[in-house]
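Student: Structure provided below as structure tokens; questions to follow.
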Protein chains: 2
Amino acid sequence: MGMNVLVGQSGGPTAVINSSLAGVYQTARSCGAGRIYGMQYGIEGLLQEKLLDLDTLLGSSLNIELLKRTPSSYLGSCRYKLPTPEQDEGVYQTLFRLFAKYEIGAVLYIGGNDSMDTIAKLSAYGERIRSEIRFVGVPKTIDNDLLLTDHTPGFGSAAKYIATVMKEIIRDSNVYDLNSVTITEIMGRHAGWLAASASLAKGADCDGPDLVLLPEVPFSEELFLKRVDALRAEKNNIVIAASEGVRLKDGTFLCDLAGGSGAVDAFGHKVTLSGTGRYLGSLIRHHLGCKTRAIELSTLQRCASHLTSRIDVNEAYQVGGVAVQAALAGETGRMSAILRRPGAPYVASCETVDVQAVANKEKSIPLSWITPDGMQVSDAFEAYARPLIQGEQIPIYVNGVPLHTRV
Amino acid sequence: MGMNVLVGQSGGPTAVINSSLAGVYQTARSCGAGRIYGMQYGIEGLLQEKLLDLDTLLGSSLNIELLKRTPSSYLGSCRYKLPTPEQDEGVYQTLFRLFAKYEIGAVLYIGGNDSMDTIAKLSAYGERIRSEIRFVGVPKTIDNDLLLTDHTPGFGSAAKYIATVMKEIIRDSNVYDLNSVTITEIMGRHAGWLAASASLAKGADCDGPDLVLLPEVPFSEELFLKRVDALRAEKNNIVIAASEGVRLKDGTFLCDLAGGSGAVDAFGHKVTLSGTGRYLGSLIRHHLGCKTRAIELSTLQRCASHLTSRIDVNEAYQVGGVAVQAALAGETGRMSAILRRPGAPYVASCETVDVQAVANKEKSIPLSWITPDGMQVSDAFEAYARPLIQGEQIPIYVNGVPLHTRV
């Protein structure tokens, strides 16, 4: 009997994080692992000894298909920053006691920056105490901001969703013979990968968003208003894709400027009118006097499993599988990553990289992929992102809605 | 050569309004109509003589398939309330002069209440002046509030979209081991059909929304808070589907209570913090002190052609076809409607009804379909709505996104 495996999911949901879980589970099973456990609610749940037996839950191949079509973290998640051993060694002692109790040989953690930090810390601590347990991270984030991987699983599906609904919003915006400015606010506080993906709406049947505002480029009110005003002369309906992370030169986020000083809600509590879309709407109305509406794509960007990229689903599965394979082969302190062969056609492979080099760092859009005026992305972005939204995973519809699976 | 046909689209977009246009166009063509024109931007565009030649635009069968997958009104739309002849006979004279100029024999108008009012007025005026032109309406509205038709094309697809994303939001809400209340605000100012459709998320894999708030039942703050408080004892994460039209006993909309007295935006302009979801969130936070988040499904409810009901697409096509057939056969002052055979299985047919009896009226959810506490819908609603979200129309993906067509 092989070693026992423990897998957890952490951070914000994505549409394909469960495909990585499927990859970990099925690969561990086929590599002859012993028992396979899931942490319920990540490290936080593990600390409360909330463990799930995955053979019981995921033993059927139909359930694996459903798992790949279930959004959000099947095992539950947490937002937990593991302290350093210097700050709180007790946490490490508890965790390694639990690993020993369940005879865990390999720990896989599916997540973003913070999760890779967890893997980095656990593997470093493990080496220090001469533990033989292997710790390997599996990348996941719609934000696409992890280093050393060409892109992160979760991004492709979010990008496909954003490009698709952007096309629909553009059609919707053009229905009346009136002037309007529609601002679509898109997730991504520190990097503009998701907002830039709105540009993938562009094609023979759609102009795409007229402007794309990114955190990578300092926002200039003057240039922005000038550009919107020029667009008004060209067309009736203007559609803007704005990252929630757009900021001024001094680093102030536009969403924090949205105002509302003196505002109270119906119960007398102070409220802030937050929102990048709301701010830009007010700005345009104030200076140009035209009708605006702001749409927040909101949580659906990260959980729309009804519209995922097949490439993304497959790669999410692969990084899960490669990570557990590496762990079973003795690697620790690693993260599985996607490596792309330069140029077209899109060909990618999967290897492990040093998790220390990934943890707590962020990858932005290269400035050379942004047009000189800072308000659109170039063909280089499209060449990068377009392959990642190819193909579809059709939901399994029961009673008219996609079927999911749950613990 | 048969008579010339003129077709327009009016009111808010839906995901399937263009299927009705496809039904009108293809049926008119197969019934031997002469030239087939489209009004660009509805009656408003017609008054400016903005006409499109549909044979040129829709002649290819691939384009018809794309049309069925294109959201929003292909021809463009307007929100125009036709005055009575007493108020402004000049408008009628202009319209009938244009009908004569283009030798129009039949006018089809795809829309909701206001559009049926337009058809009723034009047909009455036509009879008065002994015109031989036939005027027939084609029902369309996501709101499902038209009389004399079992349901309206557009509703089934919006309901399927809402039920699907509600499942995804419920999964997303359950990801952390924390207490939260999520309020999803759904369209429907006067009738709760769309908010009620959130209940279709319920199945073996999903509890569905915990509460469904509808305009049909006066909102009681006391009962609502009591219910939310009781739910908190039962479960961590509560999800509420709320119609934007929820109101107090005296008729005040909750969205108008949202507050913001004294609030100014970043530019010193007064703003109102509107929103039913925002109000309910403040209410719960104020009285129960728990974490809330409000999600607005926003415009995607009406334009998500990437996720439509096949039943709805087909019926939208049928009502278009039956309407033009009736007009060519000499009917006027009619609307095509969907008639359902009582009981299961779902079987529906398509006939015309008196448009006068439809115009300017609204259909609400029967109170007997709402649970006694007023905060859920009963099995009778499900028996009504579930058949309408069956089947899918798969988009035609090109470069990773659904392909549309445009004028």
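Residues are referred to by chain and number: the chain letter is A, B, ... according to the order shown in the structure tokens, the number counts from 1 in that chain, and ligands are numbered separately from 1 in the order shown.
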Skip region 218-225 of chain A itself and residues of its chain fewer than 2 positions away, then list as a PyMOL selection string all residues within 9 Å of it, counting only C-alpha atoms.
Tutor: chain A and resi 213-216+227-230+246-251+254+283-284+287-288+373-375
Student: Let's have chain A fitted on chain B; use all the C-alpha atoms paired in order for the least-squares step and return it as a CSV table (one decimal) with C-alpha atoms, in the first residue's frame.
Tutor:
```csv
chain,number,residue,atom,x,y,z
A,1,MET,CA,-45.8,38.1,-55.7
A,2,GLY,CA,-47.3,38.1,-52.1
A,3,MET,CA,-47.7,41.1,-49.9
A,4,ASN,CA,-44.8,43.0,-48.4
A,5,VAL,CA,-44.1,42.4,-44.7
A,6,LEU,CA,-42.7,44.8,-42.1
A,7,VAL,CA,-41.4,43.6,-38.8
A,8,GLY,CA,-40.0,45.5,-35.8
A,9,GLN,CA,-38.6,44.8,-32.3
A,10,SER,CA,-39.4,46.9,-29.3
A,11,GLY,CA,-38.8,47.2,-25.6
A,12,GLY,CA,-36.0,45.6,-23.6
A,13,PRO,CA,-33.7,43.0,-25.0
A,14,THR,CA,-34.1,39.3,-24.4
A,15,ALA,CA,-32.0,36.3,-25.3
A,16,VAL,CA,-34.5,35.0,-27.8
A,17,ILE,CA,-36.2,38.0,-29.3
A,18,ASN,CA,-34.2,37.3,-32.5
A,19,SER,CA,-35.6,33.8,-32.7
A,20,SER,CA,-39.0,35.4,-33.1
A,21,LEU,CA,-37.5,37.5,-35.9
A,22,ALA,CA,-36.2,34.4,-37.5
A,23,GLY,CA,-39.6,32.8,-37.2
A,24,VAL,CA,-41.3,35.9,-38.8
A,25,TYR,CA,-38.8,36.1,-41.6
A,26,GLN,CA,-38.6,32.4,-42.5
A,27,THR,CA,-42.3,31.8,-42.2
A,28,ALA,CA,-43.1,35.0,-44.3
A,29,ARG,CA,-40.6,33.8,-46.9
A,30,SER,CA,-42.1,30.3,-47.0
A,31,CYS,CA,-45.7,31.6,-47.2
A,32,GLY,CA,-44.8,33.6,-50.3
A,33,ALA,CA,-44.5,37.1,-48.9
A,34,GLY,CA,-43.2,39.8,-51.2
A,35,ARG,CA,-40.4,41.9,-49.8
A,36,ILE,CA,-39.7,41.6,-46.1
A,37,TYR,CA,-38.5,44.8,-44.3
A,38,GLY,CA,-37.2,45.3,-40.8
A,39,MET,CA,-37.8,48.5,-38.8
A,40,GLN,CA,-34.5,49.7,-37.5
A,41,TYR,CA,-35.0,50.8,-33.8
A,42,GLY,CA,-38.7,49.9,-33.9
A,43,ILE,CA,-41.5,52.4,-34.6
A,44,GLU,CA,-39.2,55.3,-33.7
A,45,GLY,CA,-36.8,54.3,-36.4
A,46,LEU,CA,-39.6,53.7,-38.8
A,47,LEU,CA,-40.8,57.2,-38.3
A,48,GLN,CA,-37.4,58.3,-39.6
A,49,GLU,CA,-37.8,55.8,-42.5
A,50,LYS,CA,-35.0,53.6,-41.2
A,51,LEU,CA,-35.9,50.4,-43.0
A,52,LEU,CA,-33.7,47.3,-43.6
A,53,ASP,CA,-34.1,44.7,-46.4
A,54,LEU,CA,-34.2,41.4,-44.5
A,55,ASP,CA,-33.6,39.3,-47.6
A,56,THR,CA,-30.2,40.8,-47.9
A,57,LEU,CA,-29.4,40.5,-44.3
A,58,LEU,CA,-31.0,37.1,-43.4
A,59,GLY,CA,-30.9,35.2,-46.7
A,60,SER,CA,-28.4,32.6,-45.5
A,61,SER,CA,-29.4,29.7,-43.3
A,62,LEU,CA,-26.2,30.0,-41.3
A,63,ASN,CA,-27.1,33.6,-40.6
A,64,ILE,CA,-30.5,32.4,-39.3
A,65,GLU,CA,-28.7,30.0,-36.9
A,66,LEU,CA,-26.5,32.9,-35.7
A,67,LEU,CA,-29.6,35.1,-35.4
A,68,LYS,CA,-31.1,32.6,-33.0
A,69,ARG,CA,-27.9,32.8,-30.9
A,70,THR,CA,-27.6,36.6,-30.9
A,71,PRO,CA,-28.9,38.4,-27.8
A,72,SER,CA,-30.6,41.8,-27.7
A,73,SER,CA,-32.7,43.1,-30.7
A,74,TYR,CA,-31.0,42.5,-34.0
A,75,LEU,CA,-33.0,45.2,-35.6
A,76,GLY,CA,-32.5,47.6,-32.7
A,77,SER,CA,-35.3,48.7,-30.4
A,78,CYS,CA,-37.0,51.7,-28.9
A,79,ARG,CA,-39.1,52.6,-25.9
A,80,TYR,CA,-41.8,54.5,-27.6
A,81,LYS,CA,-45.4,54.9,-26.5
A,82,LEU,CA,-47.6,55.5,-29.5
A,83,PRO,CA,-49.9,58.5,-28.7
A,84,THR,CA,-53.6,58.0,-29.4
A,85,PRO,CA,-54.9,59.4,-32.7
A,86,GLU,CA,-56.7,62.0,-30.6
A,87,GLN,CA,-53.4,63.1,-29.1
A,88,ASP,CA,-51.4,63.1,-32.4
A,89,GLU,CA,-53.0,61.9,-35.6
A,90,GLY,CA,-49.9,63.2,-37.5
A,91,VAL,CA,-47.9,60.2,-36.3
A,92,TYR,CA,-50.5,57.8,-37.7
A,93,GLN,CA,-50.6,59.7,-41.0
A,94,THR,CA,-46.8,59.4,-41.3
A,95,LEU,CA,-46.8,55.7,-40.5
A,96,PHE,CA,-49.6,54.9,-42.9
A,97,ARG,CA,-47.9,57.0,-45.6
A,98,LEU,CA,-44.8,54.9,-45.1
A,99,PHE,CA,-46.8,51.7,-45.1
A,100,ALA,CA,-48.2,52.8,-48.5
A,101,LYS,CA,-44.9,53.9,-49.9
A,102,TYR,CA,-43.3,50.4,-49.2
A,103,GLU,CA,-46.6,48.7,-50.1
A,104,ILE,CA,-46.7,47.0,-46.7
A,105,GLY,CA,-49.5,44.4,-46.3
A,106,ALA,CA,-48.7,43.1,-42.9
A,107,VAL,CA,-46.9,44.6,-39.8
A,108,LEU,CA,-45.5,42.4,-37.1
A,109,TYR,CA,-44.3,43.9,-33.8
A,110,ILE,CA,-42.3,41.8,-31.4
A,111,GLY,CA,-42.4,43.2,-27.8
A,112,GLY,CA,-44.1,43.4,-24.5
A,113,ASN,CA,-47.0,45.4,-23.1
A,114,ASP,CA,-46.2,48.7,-24.8
A,115,SER,CA,-45.7,47.0,-28.1
A,116,MET,CA,-49.0,45.2,-27.9
A,117,ASP,CA,-50.5,48.6,-27.2
A,118,THR,CA,-48.9,49.9,-30.4
A,119,ILE,CA,-50.4,47.0,-32.3
A,120,ALA,CA,-53.8,47.5,-30.7
A,121,LYS,CA,-53.8,51.2,-31.7
A,122,LEU,CA,-52.5,50.7,-35.2
A,123,SER,CA,-55.0,48.0,-36.0
A,124,ALA,CA,-57.9,50.1,-34.5
A,125,TYR,CA,-56.8,53.2,-36.5
A,126,GLY,CA,-56.3,51.0,-39.6
A,127,GLU,CA,-59.9,49.7,-39.3
A,128,ARG,CA,-61.1,53.3,-38.9
A,129,ILE,CA,-59.5,54.4,-42.1
A,130,ARG,CA,-60.5,51.2,-43.8
A,131,SER,CA,-56.9,50.2,-44.4
A,132,GLU,CA,-56.3,46.6,-45.4
A,133,ILE,CA,-53.0,46.4,-43.6
A,134,ARG,CA,-52.9,43.7,-40.9
A,135,PHE,CA,-51.2,44.3,-37.6
A,136,VAL,CA,-50.2,41.4,-35.4
A,137,GLY,CA,-48.1,41.3,-32.2
A,138,VAL,CA,-45.5,38.8,-31.2
A,139,PRO,CA,-45.1,38.4,-27.4
A,140,LYS,CA,-41.7,38.9,-25.9
A,141,THR,CA,-40.6,39.8,-22.4
A,142,ILE,CA,-38.4,38.2,-19.8
A,143,ASP,CA,-40.9,39.5,-17.2
A,144,ASN,CA,-43.5,36.9,-18.2
A,145,ASP,CA,-46.3,39.4,-17.4
A,146,LEU,CA,-48.5,39.3,-20.5
A,147,LEU,CA,-52.0,38.0,-20.3
A,148,LEU,CA,-53.7,35.4,-22.5
A,149,THR,CA,-50.4,33.6,-23.2
A,150,ASP,CA,-49.3,30.8,-20.8
A,151,HIS,CA,-45.9,32.4,-20.7
A,152,THR,CA,-43.9,34.8,-22.8
A,153,PRO,CA,-40.9,33.9,-25.0
A,154,GLY,CA,-37.8,35.3,-23.3
A,155,PHE,CA,-38.9,34.2,-19.8
A,156,GLY,CA,-37.8,30.6,-20.1
A,157,SER,CA,-34.3,31.5,-21.0
A,158,ALA,CA,-34.0,34.2,-18.4
A,159,ALA,CA,-35.4,31.7,-15.8
A,160,LYS,CA,-32.8,29.1,-16.9
A,161,TYR,CA,-30.0,31.6,-16.6
A,162,ILE,CA,-31.2,32.8,-13.2
A,163,ALA,CA,-31.6,29.2,-11.9
A,164,THR,CA,-28.2,28.3,-13.2
A,165,VAL,CA,-26.3,31.2,-11.8
A,166,MET,CA,-28.2,30.9,-8.5
A,167,LYS,CA,-26.8,27.4,-8.2
A,168,GLU,CA,-23.3,28.8,-8.8
A,169,ILE,CA,-23.8,31.6,-6.3
A,170,ILE,CA,-25.0,29.2,-3.7
A,171,ARG,CA,-21.9,27.0,-4.2
A,172,ASP,CA,-19.8,30.2,-4.1
A,173,SER,CA,-21.5,31.3,-0.9
A,174,ASN,CA,-20.7,28.0,0.9
A,175,VAL,CA,-17.0,28.0,0.3
A,176,TYR,CA,-15.9,29.3,3.6
A,177,ASP,CA,-16.7,28.0,7.1
A,178,LEU,CA,-18.2,31.4,8.0
A,179,ASN,CA,-21.6,32.9,8.5
A,180,SER,CA,-22.9,35.0,5.7
A,181,VAL,CA,-26.1,36.2,4.0
A,182,THR,CA,-26.0,36.7,0.3
A,183,ILE,CA,-28.8,38.7,-1.4
A,184,THR,CA,-29.3,38.3,-5.1
A,185,GLU,CA,-31.3,41.0,-6.7
A,186,ILE,CA,-33.3,39.9,-9.7
A,187,MET,CA,-35.2,41.9,-12.3
A,188,GLY,CA,-39.0,42.2,-12.3
A,189,ARG,CA,-40.4,45.5,-11.0
A,190,HIS,CA,-44.1,44.5,-11.0
A,191,ALA,CA,-44.2,40.7,-11.1
A,192,GLY,CA,-42.0,38.1,-9.4
A,193,TRP,CA,-41.7,35.5,-12.2
A,194,LEU,CA,-38.0,36.0,-12.5
A,195,ALA,CA,-37.2,36.0,-8.8
A,196,ALA,CA,-39.4,33.0,-8.3
A,197,SER,CA,-37.3,31.2,-11.0
A,198,ALA,CA,-34.3,31.3,-8.7
A,199,SER,CA,-36.2,28.5,-6.8
A,200,LEU,CA,-35.5,26.2,-9.9
A,201,ALA,CA,-31.9,26.0,-8.6
A,202,LYS,CA,-33.2,23.5,-6.1
A,203,GLY,CA,-32.4,19.8,-6.7
A,204,ALA,CA,-30.6,16.9,-5.2
A,205,ASP,CA,-27.3,18.8,-5.4
A,206,CYS,CA,-28.5,22.2,-4.2
A,207,ASP,CA,-30.9,23.5,-1.5
A,208,GLY,CA,-31.9,26.4,-3.7
A,209,PRO,CA,-32.3,29.9,-2.3
A,210,ASP,CA,-33.5,29.9,1.3
A,211,LEU,CA,-35.9,32.7,0.8
A,212,VAL,CA,-37.6,34.1,-2.3
A,213,LEU,CA,-39.0,37.7,-2.0
A,214,LEU,CA,-41.7,38.7,-4.5
A,215,PRO,CA,-43.6,41.9,-5.4
A,216,GLU,CA,-46.8,39.9,-5.1
A,217,VAL,CA,-46.5,39.7,-1.3
A,218,PRO,CA,-46.2,42.9,0.9
A,219,PHE,CA,-42.8,42.8,2.6
A,220,SER,CA,-42.9,42.6,6.4
A,221,GLU,CA,-39.7,43.6,8.0
A,222,GLU,CA,-40.6,41.8,11.2
A,223,LEU,CA,-41.4,38.5,9.6
A,224,PHE,CA,-38.4,38.7,7.3
A,225,LEU,CA,-35.9,39.3,10.1
A,226,LYS,CA,-37.5,36.6,12.2
A,227,ARG,CA,-37.1,34.1,9.3
A,228,VAL,CA,-33.5,35.1,8.6
A,229,ASP,CA,-32.7,34.8,12.3
A,230,ALA,CA,-34.2,31.3,12.4
A,231,LEU,CA,-32.3,30.3,9.3
A,232,ARG,CA,-29.0,31.4,11.0
A,233,ALA,CA,-29.6,28.8,13.6
A,234,GLU,CA,-29.9,26.1,11.0
A,235,LYS,CA,-27.1,26.9,8.6
A,236,ASN,CA,-24.0,29.0,8.0
A,237,ASN,CA,-24.7,30.5,4.7
A,238,ILE,CA,-28.1,32.0,3.8
A,239,VAL,CA,-28.9,32.9,0.2
A,240,ILE,CA,-31.9,35.1,-0.6
A,241,ALA,CA,-33.4,35.8,-4.0
A,242,ALA,CA,-35.1,39.1,-4.0
A,243,SER,CA,-37.1,40.7,-6.8
A,244,GLU,CA,-36.2,44.3,-7.4
A,245,GLY,CA,-39.9,45.0,-7.1
A,246,VAL,CA,-40.3,43.9,-3.4
A,247,ARG,CA,-42.5,46.5,-1.7
A,248,LEU,CA,-44.1,47.4,1.6
A,249,LYS,CA,-47.8,47.1,2.3
A,250,ASP,CA,-48.3,50.8,1.3
A,251,GLY,CA,-46.6,50.1,-2.1
A,252,THR,CA,-43.3,51.7,-1.3
A,253,PHE,CA,-40.5,49.9,-3.1
A,254,LEU,CA,-37.7,48.7,-0.9
A,255,CYS,CA,-35.2,49.9,-3.4
A,256,ASP,CA,-36.5,53.4,-2.8
A,257,LEU,CA,-35.8,53.0,0.9
A,258,ALA,CA,-32.2,52.2,0.4
A,259,GLY,CA,-31.3,55.6,1.7
A,260,GLY,CA,-28.3,57.7,1.1
A,261,SER,CA,-29.8,60.9,2.5
A,262,GLY,CA,-27.0,63.5,2.3
A,263,ALA,CA,-24.9,61.4,0.1
A,264,VAL,CA,-22.8,63.0,-2.6
A,265,ASP,CA,-20.6,61.4,-5.1
A,266,ALA,CA,-17.0,62.3,-5.7
A,267,PHE,CA,-18.1,65.4,-7.6
A,268,GLY,CA,-20.5,66.7,-5.1
A,269,HIS,CA,-23.7,65.5,-6.9
A,270,LYS,CA,-26.4,64.1,-4.8
A,271,VAL,CA,-26.8,60.4,-5.2
A,272,THR,CA,-29.3,57.9,-4.1
A,273,LEU,CA,-28.2,54.5,-2.8
A,274,SER,CA,-30.8,52.5,-4.6
A,275,GLY,CA,-31.2,48.8,-4.7
A,276,THR,CA,-33.4,46.2,-3.0
A,277,GLY,CA,-30.4,44.0,-2.3
A,278,ARG,CA,-28.6,46.9,-0.8
A,279,TYR,CA,-31.5,47.8,1.4
A,280,LEU,CA,-32.1,44.2,2.6
A,281,GLY,CA,-28.3,43.9,3.3
A,282,SER,CA,-28.4,47.0,5.5
A,283,LEU,CA,-31.5,45.8,7.2
A,284,ILE,CA,-30.0,42.5,8.2
A,285,ARG,CA,-26.7,44.0,9.2
A,286,HIS,CA,-28.5,46.6,11.3
A,287,HIS,CA,-30.8,44.2,13.2
A,288,LEU,CA,-28.9,40.9,13.2
A,289,GLY,CA,-25.3,42.2,12.9
A,290,CYS,CA,-24.2,39.6,10.4
A,291,LYS,CA,-22.1,39.9,7.3
A,292,THR,CA,-24.1,40.4,4.1
A,293,ARG,CA,-23.3,40.8,0.4
A,294,ALA,CA,-25.6,41.9,-2.4
A,295,ILE,CA,-25.3,40.7,-5.9
A,296,GLU,CA,-27.2,42.3,-8.8
A,297,LEU,CA,-27.8,39.9,-11.7
A,298,SER,CA,-28.0,43.0,-13.8
A,299,THR,CA,-28.4,43.1,-17.5
A,300,LEU,CA,-27.1,39.6,-18.1
A,301,GLN,CA,-30.5,38.2,-17.1
A,302,ARG,CA,-31.9,39.6,-20.3
A,303,CYS,CA,-29.0,39.1,-22.8
A,304,ALA,CA,-27.3,35.8,-21.8
A,305,SER,CA,-27.7,34.1,-25.2
A,306,HIS,CA,-24.9,31.8,-24.2
A,307,LEU,CA,-27.3,30.0,-21.9
A,308,THR,CA,-30.8,29.8,-23.3
A,309,SER,CA,-33.7,27.3,-23.0
A,310,ARG,CA,-34.3,25.3,-26.2
A,311,ILE,CA,-38.0,25.2,-25.4
A,312,ASP,CA,-37.9,29.0,-25.2
A,313,VAL,CA,-35.9,29.4,-28.4
A,314,ASN,CA,-38.3,27.1,-30.3
A,315,GLU,CA,-41.4,28.8,-28.9
A,316,ALA,CA,-40.0,32.3,-29.7
A,317,TYR,CA,-39.6,31.1,-33.3
A,318,GLN,CA,-43.1,29.6,-33.3
A,319,VAL,CA,-44.9,32.7,-32.1
A,320,GLY,CA,-43.1,34.7,-34.7
A,321,GLY,CA,-44.1,32.3,-37.4
A,322,VAL,CA,-47.7,31.9,-36.3
A,323,ALA,CA,-48.1,35.7,-36.1
A,324,VAL,CA,-47.0,36.3,-39.7
A,325,GLN,CA,-49.1,33.4,-40.9
A,326,ALA,CA,-52.1,34.9,-39.3
A,327,ALA,CA,-51.4,38.3,-40.7
A,328,LEU,CA,-50.9,36.9,-44.2
A,329,ALA,CA,-54.2,35.1,-43.8
A,330,GLY,CA,-56.0,38.3,-43.0
A,331,GLU,CA,-56.0,38.6,-39.2
A,332,THR,CA,-55.4,42.0,-37.6
A,333,GLY,CA,-55.5,43.3,-34.0
A,334,ARG,CA,-54.2,40.0,-32.8
A,335,MET,CA,-51.2,38.6,-30.8
A,336,SER,CA,-49.8,35.2,-31.2
A,337,ALA,CA,-49.8,33.3,-27.9
A,338,ILE,CA,-48.7,30.1,-26.3
A,339,LEU,CA,-51.4,27.8,-25.0
A,340,ARG,CA,-50.5,24.9,-22.7
A,341,ARG,CA,-52.4,21.7,-22.3
A,342,PRO,CA,-53.2,21.3,-18.5
A,343,GLY,CA,-51.1,18.9,-16.5
A,344,ALA,CA,-48.0,16.9,-17.4
A,345,PRO,CA,-46.3,16.3,-19.8
A,346,TYR,CA,-45.7,19.7,-21.1
A,347,VAL,CA,-47.5,20.2,-24.4
A,348,ALA,CA,-48.1,23.6,-25.9
A,349,SER,CA,-49.6,25.0,-29.0
A,350,CYS,CA,-49.6,28.4,-30.6
A,351,GLU,CA,-52.7,30.5,-31.6
A,352,THR,CA,-53.6,34.1,-31.9
A,353,VAL,CA,-55.6,36.1,-29.3
A,354,ASP,CA,-57.2,39.6,-29.1
A,355,VAL,CA,-54.3,42.0,-28.7
A,356,GLN,CA,-56.7,44.6,-27.0
A,357,ALA,CA,-57.1,42.2,-24.1
A,358,VAL,CA,-53.4,42.0,-23.6
A,359,ALA,CA,-52.2,45.6,-24.0
A,360,ASN,CA,-51.4,47.5,-20.9
A,361,LYS,CA,-52.3,44.7,-18.5
A,362,GLU,CA,-50.0,42.7,-16.2
A,363,LYS,CA,-50.0,39.1,-15.0
A,364,SER,CA,-48.7,38.3,-11.5
A,365,ILE,CA,-47.8,35.1,-9.9
A,366,PRO,CA,-51.0,33.5,-8.5
A,367,LEU,CA,-51.0,33.9,-4.7
A,368,SER,CA,-51.8,30.2,-4.4
A,369,TRP,CA,-48.3,29.4,-5.9
A,370,ILE,CA,-46.6,31.3,-3.0
A,371,THR,CA,-46.1,29.6,0.4
A,372,PRO,CA,-48.2,30.9,3.3
A,373,ASP,CA,-45.3,32.8,4.8
A,374,GLY,CA,-44.9,34.6,1.5
A,375,MET,CA,-41.2,33.9,1.3
A,376,GLN,CA,-41.0,30.9,-1.1
A,377,VAL,CA,-42.9,29.5,-4.1
A,378,SER,CA,-44.7,26.2,-4.0
A,379,ASP,CA,-44.5,23.1,-6.1
A,380,ALA,CA,-47.2,24.6,-8.4
A,381,PHE,CA,-44.8,27.2,-9.5
A,382,GLU,CA,-42.2,24.6,-10.2
A,383,ALA,CA,-44.7,22.5,-12.2
A,384,TYR,CA,-45.4,25.6,-14.3
A,385,ALA,CA,-41.8,26.9,-14.8
A,386,ARG,CA,-39.6,23.8,-14.9
A,387,PRO,CA,-40.8,22.7,-18.3
A,388,LEU,CA,-39.9,26.1,-19.7
A,389,ILE,CA,-36.2,25.8,-19.0
A,390,GLN,CA,-35.7,22.4,-20.6
A,391,GLY,CA,-33.1,21.8,-23.3
A,392,GLU,CA,-30.2,23.9,-24.4
A,393,GLN,CA,-29.2,25.8,-27.6
A,394,ILE,CA,-25.5,25.4,-27.8
A,395,PRO,CA,-23.7,28.6,-29.0
A,396,ILE,CA,-21.5,28.4,-32.2
A,397,TYR,CA,-18.1,29.2,-30.7
A,398,VAL,CA,-15.5,30.9,-32.9
A,399,ASN,CA,-12.2,31.9,-31.5
A,400,GLY,CA,-13.4,30.8,-28.1
A,401,VAL,CA,-16.5,33.0,-27.9
A,402,PRO,CA,-20.1,32.6,-29.1
A,403,LEU,CA,-20.6,34.0,-32.6
A,404,HIS,CA,-23.4,36.5,-33.1
A,405,THR,CA,-24.7,38.3,-36.2
A,406,ARG,CA,-25.3,42.0,-36.6
A,407,VAL,CA,-26.8,44.4,-39.1
```
Student: Name the residues of region 145-208 of chain B that come out as strand (DSSP E or B) in a backbone DSSP run; write them as an MDAnalysis selection string.
Tutor: chainID B and resid 176 180:186 203 206
Student: Would you please extract all helix (DSSP H, G or I) residues from region 139-253 of chain B, as assigned by DSSP on the backbone, and give them as a ChimeraX atom specification?
Tutor: /B:155-173,193-201,221-234
Student: For those residues, write C-alpha atoms to a file as a compact mmCIF listing (two decimals), in the first residue's frame.
Tutor:
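Written output follows (selection08.txt):
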```txt
# COMPACT_ATOMS: atom_id res chain seq x y z
CA PHE B 155 -38.94 34.19 -19.81
CA GLY B 156 -37.79 30.57 -20.08
CA SER B 157 -34.24 31.52 -21.02
CA ALA B 158 -33.99 34.21 -18.35
CA ALA B 159 -35.37 31.70 -15.82
CA LYS B 160 -32.82 29.09 -16.89
CA TYR B 161 -30.02 31.62 -16.62
CA ILE B 162 -31.19 32.78 -13.19
CA ALA B 163 -31.60 29.21 -11.86
CA THR B 164 -28.17 28.24 -13.18
CA VAL B 165 -26.27 31.20 -11.78
CA MET B 166 -28.22 30.92 -8.52
CA LYS B 167 -26.80 27.40 -8.15
CA GLU B 168 -23.34 28.76 -8.82
CA ILE B 169 -23.79 31.61 -6.35
CA ILE B 170 -25.03 29.18 -3.69
CA ARG B 171 -21.92 27.02 -4.21
CA ASP B 172 -19.76 30.14 -4.06
CA SER B 173 -21.46 31.26 -0.84
CA TRP B 193 -41.72 35.52 -12.17
CA LEU B 194 -37.98 35.97 -12.55
CA ALA B 195 -37.16 36.04 -8.84
CA ALA B 196 -39.35 32.98 -8.34
CA SER B 197 -37.30 31.21 -11.01
CA ALA B 198 -34.33 31.28 -8.67
CA SER B 199 -36.15 28.48 -6.84
CA LEU B 200 -35.53 26.24 -9.86
CA ALA B 201 -31.93 25.98 -8.61
CA GLU B 221 -39.68 43.62 8.01
CA GLU B 222 -40.58 41.80 11.21
CA LEU B 223 -41.44 38.45 9.62
CA PHE B 224 -38.44 38.67 7.31
CA LEU B 225 -35.93 39.31 10.09
CA LYS B 226 -37.50 36.56 12.22
CA ARG B 227 -37.15 34.13 9.34
CA VAL B 228 -33.52 35.09 8.61
CA ASP B 229 -32.71 34.78 12.30
CA ALA B 230 -34.25 31.30 12.43
CA LEU B 231 -32.28 30.28 9.32
CA ARG B 232 -29.04 31.39 10.98
CA ALA B 233 -29.63 28.81 13.66
CA GLU B 234 -29.92 26.12 10.99
```
